[in-house]
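*Asks:* Contents of work-v4.cif (mmCIF, C-alpha atoms) are below:
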```cif
data_target
#
loop_
_atom_site.label_atom_id
_atom_site.label_comp_id
_atom_site.auth_asym_id
_atom_site.auth_seq_id
_atom_site.Cartn_x
_atom_site.Cartn_y
_atom_site.Cartn_z
CA MET K 986 0.00 0.00 0.00
CA ASP K 987 1.38 3.40 -1.02
CA THR K 988 1.41 5.71 2.01
CA SER K 989 3.77 8.28 0.48
CA LYS K 990 0.89 10.76 0.06
CA TRP K 991 -0.01 10.66 3.76
CA LEU K 992 0.83 13.75 5.79
CA SER K 993 0.75 13.97 9.60
CA ILE K 994 1.29 17.39 11.20
CA ASP K 995 2.00 17.65 14.92
CA CYS K 996 0.61 21.09 15.76
CA GLY K 997 2.54 23.02 18.40
CA ASN K 998 5.59 20.77 18.23
CA ASP K 999 8.86 22.09 16.85
CA GLN K 1000 10.49 18.69 16.33
CA VAL K 1001 9.91 15.66 14.13
CA SER K 1002 8.50 12.72 16.06
CA SER K 1003 7.24 9.22 15.27
CA ASP K 1004 4.90 6.62 16.70
CA ASP K 1005 5.34 3.11 15.33
CA LEU K 1006 4.46 3.72 11.67
CA LEU K 1007 3.78 7.45 11.37
CA LEU K 1008 6.21 10.31 11.01
CA TRP K 1009 4.82 13.47 12.61
CA GLU K 1010 6.11 16.73 11.18
CA PRO K 1011 6.28 20.03 13.09
CA ASP K 1012 3.73 22.57 11.86
CA SER K 1013 6.06 25.55 11.32
CA ASP K 1014 6.27 24.93 7.56
CA TYR K 1015 2.49 25.23 7.22
CA ILE K 1016 1.57 28.27 9.33
CA GLN K 1017 3.23 31.47 10.55
CA VAL K 1018 0.81 32.64 13.27
CA GLY K 1019 -0.25 31.34 16.67
CA SER K 1020 1.62 30.12 19.73
CA ASN K 1021 2.93 26.69 20.66
CA LYS K 1022 1.55 25.35 23.94
CA LEU K 1023 1.91 22.30 26.18
CA VAL K 1024 -1.13 20.76 27.84
CA LEU K 1025 -1.23 20.55 31.63
CA THR K 1026 -3.28 17.35 31.73
CA LYS K 1027 -1.29 14.80 29.75
CA ALA K 1028 -3.00 12.46 27.29
CA PHE K 1029 -2.20 8.80 26.71
CA ARG K 1030 -0.42 9.51 23.41
CA ASP K 1031 2.55 11.86 23.17
CA GLU K 1032 1.30 13.67 20.06
CA PHE K 1033 -1.73 14.93 22.02
CA ASN K 1034 0.37 16.89 24.46
CA THR K 1035 1.22 19.88 22.29
CA LEU K 1036 -1.07 22.28 20.45
CA ARG K 1037 -1.10 25.62 18.64
CA ALA K 1038 -3.38 28.36 20.00
CA PHE K 1039 -4.59 31.49 18.19
CA PRO K 1040 -5.25 34.39 20.59
CA SER K 1041 -5.55 36.85 17.71
CA ASN K 1042 -9.15 37.53 16.72
CA ALA K 1043 -8.39 37.30 13.01
CA ARG K 1044 -9.48 35.22 10.04
CA ASN K 1045 -5.92 34.46 8.94
CA ASN K 1046 -5.29 31.75 11.53
CA CYS K 1047 -4.81 29.35 8.66
CA TYR K 1048 -2.74 26.33 7.75
CA THR K 1049 -1.76 25.85 4.10
CA VAL K 1050 -1.45 22.09 3.62
CA PRO K 1051 -0.01 20.84 0.30
CA THR K 1052 -1.78 18.28 -1.87
CA GLU K 1053 -1.24 16.65 -5.22
CA LYS K 1054 -2.26 18.87 -8.13
CA GLN K 1055 -4.24 16.22 -9.95
CA MET K 1056 -7.86 15.68 -8.92
CA LEU K 1057 -7.86 13.32 -5.94
CA ARG K 1058 -10.07 12.63 -2.95
CA TYR K 1059 -8.53 13.13 0.48
CA ILE K 1060 -9.44 12.20 4.01
CA ILE K 1061 -8.72 15.26 6.17
CA ARG K 1062 -8.68 14.71 9.92
CA VAL K 1063 -8.00 17.40 12.52
CA GLY K 1064 -7.50 16.61 16.20
CA PHE K 1065 -8.37 18.56 19.34
CA TYR K 1066 -7.43 18.08 22.98
CA TYR K 1067 -7.77 20.96 25.41
CA GLY K 1068 -5.88 19.41 28.31
CA ASN K 1069 -6.35 22.65 30.31
CA TYR K 1070 -3.28 24.05 28.54
CA ASP K 1071 -4.12 27.62 29.66
CA GLY K 1072 -5.00 26.72 33.26
CA LEU K 1073 -8.46 28.29 32.92
CA ARG K 1074 -10.54 25.09 32.77
CA LYS K 1075 -12.67 26.71 30.06
CA PRO K 1076 -12.57 24.64 26.86
CA PRO K 1077 -13.30 26.97 23.91
CA THR K 1078 -15.78 26.81 21.06
CA PHE K 1079 -14.83 28.14 17.62
CA ASN K 1080 -15.41 27.76 13.89
CA LEU K 1081 -13.34 25.61 11.55
CA PHE K 1082 -13.11 26.55 7.88
CA LEU K 1083 -11.86 24.47 4.96
CA ASN K 1084 -10.95 26.40 1.81
CA ASN K 1085 -12.97 29.41 3.02
CA ILE K 1086 -16.11 27.33 3.61
CA LEU K 1087 -17.42 26.70 7.12
CA TRP K 1088 -16.66 23.07 7.89
CA THR K 1089 -18.00 22.83 11.45
CA THR K 1090 -18.24 24.52 14.82
CA VAL K 1091 -15.82 22.87 17.27
CA ASN K 1092 -16.90 22.53 20.90
CA THR K 1093 -13.82 21.27 22.74
CA SER K 1094 -15.73 20.43 25.93
CA ILE K 1095 -17.37 17.40 24.31
CA ASN K 1096 -16.17 13.82 24.62
CA ASN K 1097 -15.63 14.16 28.39
CA PHE K 1098 -12.62 16.41 27.74
CA GLU K 1099 -10.78 13.56 25.99
CA PRO K 1100 -9.08 13.91 22.56
CA PHE K 1101 -11.42 13.90 19.57
CA TYR K 1102 -11.37 14.50 15.83
CA LYS K 1103 -13.24 16.09 12.97
CA GLU K 1104 -12.93 14.19 9.72
CA THR K 1105 -14.09 14.78 6.17
CA ILE K 1106 -13.65 13.41 2.66
CA TYR K 1107 -12.78 16.28 0.38
CA PRO K 1108 -11.80 16.49 -3.32
CA ASN K 1109 -8.74 18.70 -3.73
CA LYS K 1110 -10.13 20.28 -6.94
CA GLU K 1111 -6.59 20.47 -8.41
CA LEU K 1112 -5.68 23.45 -6.21
CA GLY K 1113 -2.47 21.93 -4.89
CA PHE K 1114 -3.31 22.78 -1.27
CA PHE K 1115 -5.94 22.84 1.47
CA LYS K 1116 -6.47 25.93 3.62
CA ILE K 1117 -7.61 25.06 7.13
CA CYS K 1118 -8.57 28.07 9.29
CA LEU K 1119 -9.67 28.51 12.90
CA VAL K 1120 -11.88 31.51 13.65
CA GLN K 1121 -13.06 32.87 17.00
CA ILE K 1122 -16.76 33.27 17.70
CA LYS K 1123 -18.31 35.64 20.22
CA ASP K 1124 -17.58 34.59 23.81
CA GLY K 1125 -16.18 31.32 22.49
CA GLY K 1126 -12.62 31.60 23.74
CA ILE K 1127 -9.29 31.08 21.97
CA PRO K 1128 -9.18 28.55 19.11
CA PHE K 1129 -6.51 25.86 19.08
CA ILE K 1130 -5.62 22.74 17.10
CA ARG K 1131 -3.80 19.57 18.04
CA SER K 1132 -3.09 17.76 14.75
CA ILE K 1133 -3.77 17.70 11.02
CA GLU K 1134 -3.69 14.57 8.90
CA THR K 1135 -4.34 14.21 5.18
CA MET K 1136 -4.51 10.93 3.29
CA VAL K 1137 -5.23 10.25 -0.38
CA ILE K 1138 -8.15 7.83 -0.60
CA PHE K 1139 -7.24 4.51 -2.16
CA ASP K 1140 -9.29 3.44 -5.17
CA GLU K 1141 -10.94 0.54 -3.34
CA LEU K 1142 -12.36 2.77 -0.62
CA TYR K 1143 -15.85 4.26 -0.99
CA PRO K 1144 -16.23 3.30 -4.68
CA LYS K 1145 -19.96 4.17 -4.71
CA MET K 1146 -19.53 7.73 -3.44
CA GLU K 1147 -19.62 10.72 -5.75
CA THR K 1148 -16.03 11.77 -6.34
CA ASN K 1149 -16.81 15.50 -6.38
CA ALA K 1150 -18.91 15.50 -3.20
CA ILE K 1151 -17.81 16.42 0.34
CA TYR K 1152 -18.61 13.98 3.16
CA SER K 1153 -18.23 14.50 6.91
CA LEU K 1154 -17.70 11.63 9.31
CA ILE K 1155 -20.28 11.35 12.08
CA THR K 1156 -18.58 8.58 14.04
CA ARG K 1157 -16.61 5.34 13.60
CA ILE K 1158 -17.29 3.03 16.54
CA ASN K 1159 -15.86 -0.34 17.51
CA PHE K 1160 -18.76 -1.73 19.55
CA GLY K 1161 -17.63 -4.34 22.04
CA GLY K 1162 -13.93 -3.87 21.32
CA PRO K 1163 -11.04 -1.53 22.10
CA VAL K 1164 -9.94 1.74 20.53
CA VAL K 1165 -8.14 0.90 17.28
CA TRP K 1166 -5.39 3.10 15.80
CA TYR K 1167 -3.11 2.81 12.81
CA ASN K 1168 -0.06 1.21 14.42
CA VAL K 1169 1.99 -1.96 14.48
CA GLY K 1170 -0.19 -5.00 15.07
CA SER K 1171 -3.53 -3.21 14.92
CA GLY K 1172 -4.55 -4.52 11.50
CA GLU K 1173 -5.83 -1.04 10.62
CA ILE K 1174 -4.29 -0.24 7.23
CA TYR K 1175 -6.36 2.75 6.11
CA LYS K 1176 -5.37 5.05 9.00
CA TRP K 1177 -8.91 5.06 10.34
CA ILE K 1178 -9.48 5.61 14.06
CA TRP K 1179 -12.13 3.42 15.69
CA ILE K 1180 -13.39 4.70 19.03
CA LYS K 1181 -14.52 2.40 21.80
CA LYS K 1182 -18.09 2.50 22.96
CA VAL K 1183 -20.11 0.36 25.32
CA MET K 1184 -23.84 0.06 24.81
CA PRO K 1185 -26.06 0.10 27.91
CA TYR K 1186 -27.29 -3.39 28.85
CA ALA K 1187 -25.04 -5.00 26.25
CA SER K 1188 -22.33 -7.64 26.28
CA ALA K 1189 -19.46 -8.29 23.88
CA PHE K 1190 -19.08 -11.52 21.92
CA TRP K 1191 -16.73 -12.89 19.29
CA TYR K 1192 -17.81 -12.80 15.65
CA LYS K 1193 -16.17 -15.35 13.32
CA GLU K 1194 -17.74 -14.69 9.93
CA LYS K 1195 -15.48 -13.78 7.00
CA LYS K 1196 -14.51 -10.11 6.89
CA PRO K 1197 -16.41 -8.31 4.06
CA VAL K 1198 -13.54 -5.82 3.61
CA ASP K 1199 -10.01 -5.52 4.93
CA LEU K 1200 -10.85 -4.29 8.43
CA PRO K 1201 -8.88 -4.65 11.67
CA GLN K 1202 -9.35 -7.93 13.51
CA ASP K 1203 -10.26 -6.07 16.73
CA VAL K 1204 -13.15 -4.43 14.86
CA VAL K 1205 -14.66 -7.36 12.98
CA SER K 1206 -14.07 -10.06 15.59
CA LYS K 1207 -16.21 -8.47 18.31
CA ALA K 1208 -19.71 -7.09 18.49
CA ALA K 1209 -22.20 -5.89 21.08
CA GLU K 1210 -25.35 -7.82 21.86
CA LYS K 1211 -28.37 -6.45 23.69
CA GLN K 1212 -29.11 -8.19 26.95
CA HIS K 1213 -32.67 -8.89 27.96
CA CYS K 1214 -33.60 -7.53 31.37
#
```
What would you get if you wrote out this structure as structure tokens?
*Replies:*
Amino acid sequence: MDTSKWLSIDCGNDQVSSDDLLLWEPDSDYIQVGSNKLVLTKAFRDEFNTLRAFPSNARNNCYTVPTEKQMLRYIIRVGFYYGNYDGLRKPPTFNLFLNNILWTTVNTSINNFEPFYKETIYPNKELGFFKICLVQIKDGGIPFIRSIETMVIFDELYPKMETNAIYSLITRINFGGPVVWYNVGSGEIYKWIWIKKVMPYASAFWYKEKKPVDLPQDVVSKAAEKQHC
């Protein structure tokens, strides 16, 4: 599998780092504004523990992320983890723009203050770059960002989707199993992140049918079953 077109940016870090299979680049080549910060409440993965904050109330808090110039579909994933980096215990809310179009409003107090992501499938429209911007909203606090990842979509993925359309991920859950990341031994080859979730009144069980697609073993081998009360 060709992963040469994958890009992982470690926002707020000024050094190259790696975790098993991924090389994380510092973000200084992609943005010239903002301030590097360290979180006070450490996360379970090292790349969550730095971020870039944007105290300036401006619309130019933007990353310019390079892409191929031919028409390709990309997965774009941006990560957020407040970690009380400013000591205020007030996770901010702000707007996230992609190529000057409002992508989503980010509320960083969700997910029980744990790391989370926003993910979209986006055609690069032969521009040669993506512009990802963070914009303050009234009384929302200071925007920040933890990571940016871009991955060219392989031909076998999402073959029925319109190639010129934009899709936003709602969630990707591994019911009955653990969190699954792209790393050594995980079986996850597409760089997807599967979050763990337990259903109320449910139990996990092993599932042994043949995998319909090339998914991680921890995802397809377990499921959640409703228990009768």
*Asks:* In Å, with one decimal, what is the gap from atom CA of Lys1103 of chain K to atom CA of Leu1073 of chain K?
*Replies:*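 These two atoms are separated by 23.9 Å.
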*Asks:* For the PyMOL selection byres ((chain K and resi 1082) around 8), applied here, can you spell out every residue it catches as number ranges by chain?
*Replies:* K: 1080-1081, 1083-1089, 1116-1120
*Asks:* Please, could you write that set of residues out with C-alpha atoms as a compact mmCIF listing (two decimals), in the coordinates of the input?
*Replies:*
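The result, written out as part.txt:
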```txt
# COMPACT_ATOMS: atom_id res chain seq x y z
CA ASN K 1080 -15.41 27.76 13.89
CA LEU K 1081 -13.34 25.61 11.55
CA LEU K 1083 -11.86 24.47 4.96
CA ASN K 1084 -10.95 26.40 1.81
CA ASN K 1085 -12.97 29.41 3.02
CA ILE K 1086 -16.11 27.33 3.61
CA LEU K 1087 -17.42 26.70 7.12
CA TRP K 1088 -16.66 23.07 7.89
CA THR K 1089 -18.00 22.83 11.45
CA LYS K 1116 -6.47 25.93 3.62
CA ILE K 1117 -7.61 25.06 7.13
CA CYS K 1118 -8.57 28.07 9.29
CA LEU K 1119 -9.67 28.51 12.90
CA VAL K 1120 -11.88 31.51 13.65
```
*Asks:* From the options K:Asp1124, K:Glu1147, K:Glu1032, K:Glu1111, which residue's atoms come nearest to Pro1076 of chain K, counting only C-alpha atoms?
*Replies:*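 Going through K:Asp1124, K:Glu1147, K:Glu1032, K:Glu1111 one by one, the smallest distance to Pro1076 of chain K is for K:Asp1124.
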*Asks:* Please, what distance in Å, to one decimal, runs between atom CA of Leu1025 of chain K and atom CA of Val1050 of chain K?
*Replies:*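 Atom-to-atom, atom CA of Leu1025 of chain K to atom CA of Val1050 of chain K, that is 28.1 Å.
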*Asks:* Given the choices K:Ile1130, K:Ala1150, K:Leu1023, K:Ile1060, which gets closest to Pro1100 of chain K if the distance is worked out from only C-alpha atoms?
*Replies:*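 Closest candidate: K:Ile1130.
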*Asks:* With all atoms listed in the file as the basis for distance, which of K:Gln1121, K:Thr1078, K:Thr1093, K:Thr1135 is at the shortest distance from Thr1105 of chain K?
*Replies:* K:Thr1135
*Asks:* What gap, in Å, lies between atom CA of Glu1053 of chain K and atom CA of Ala1038 of chain K?
*Replies:*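 It comes out at 27.9 Å.
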*Asks:* Hey, can you pull every residue with an atom no more than 8 Å from (-5.4, 20.5, 23.4), using only C-alpha atoms, and send it as a ChimeraX atom specification?
*Replies:* /K:1024,1033-1036,1065-1070,1100,1129-1131
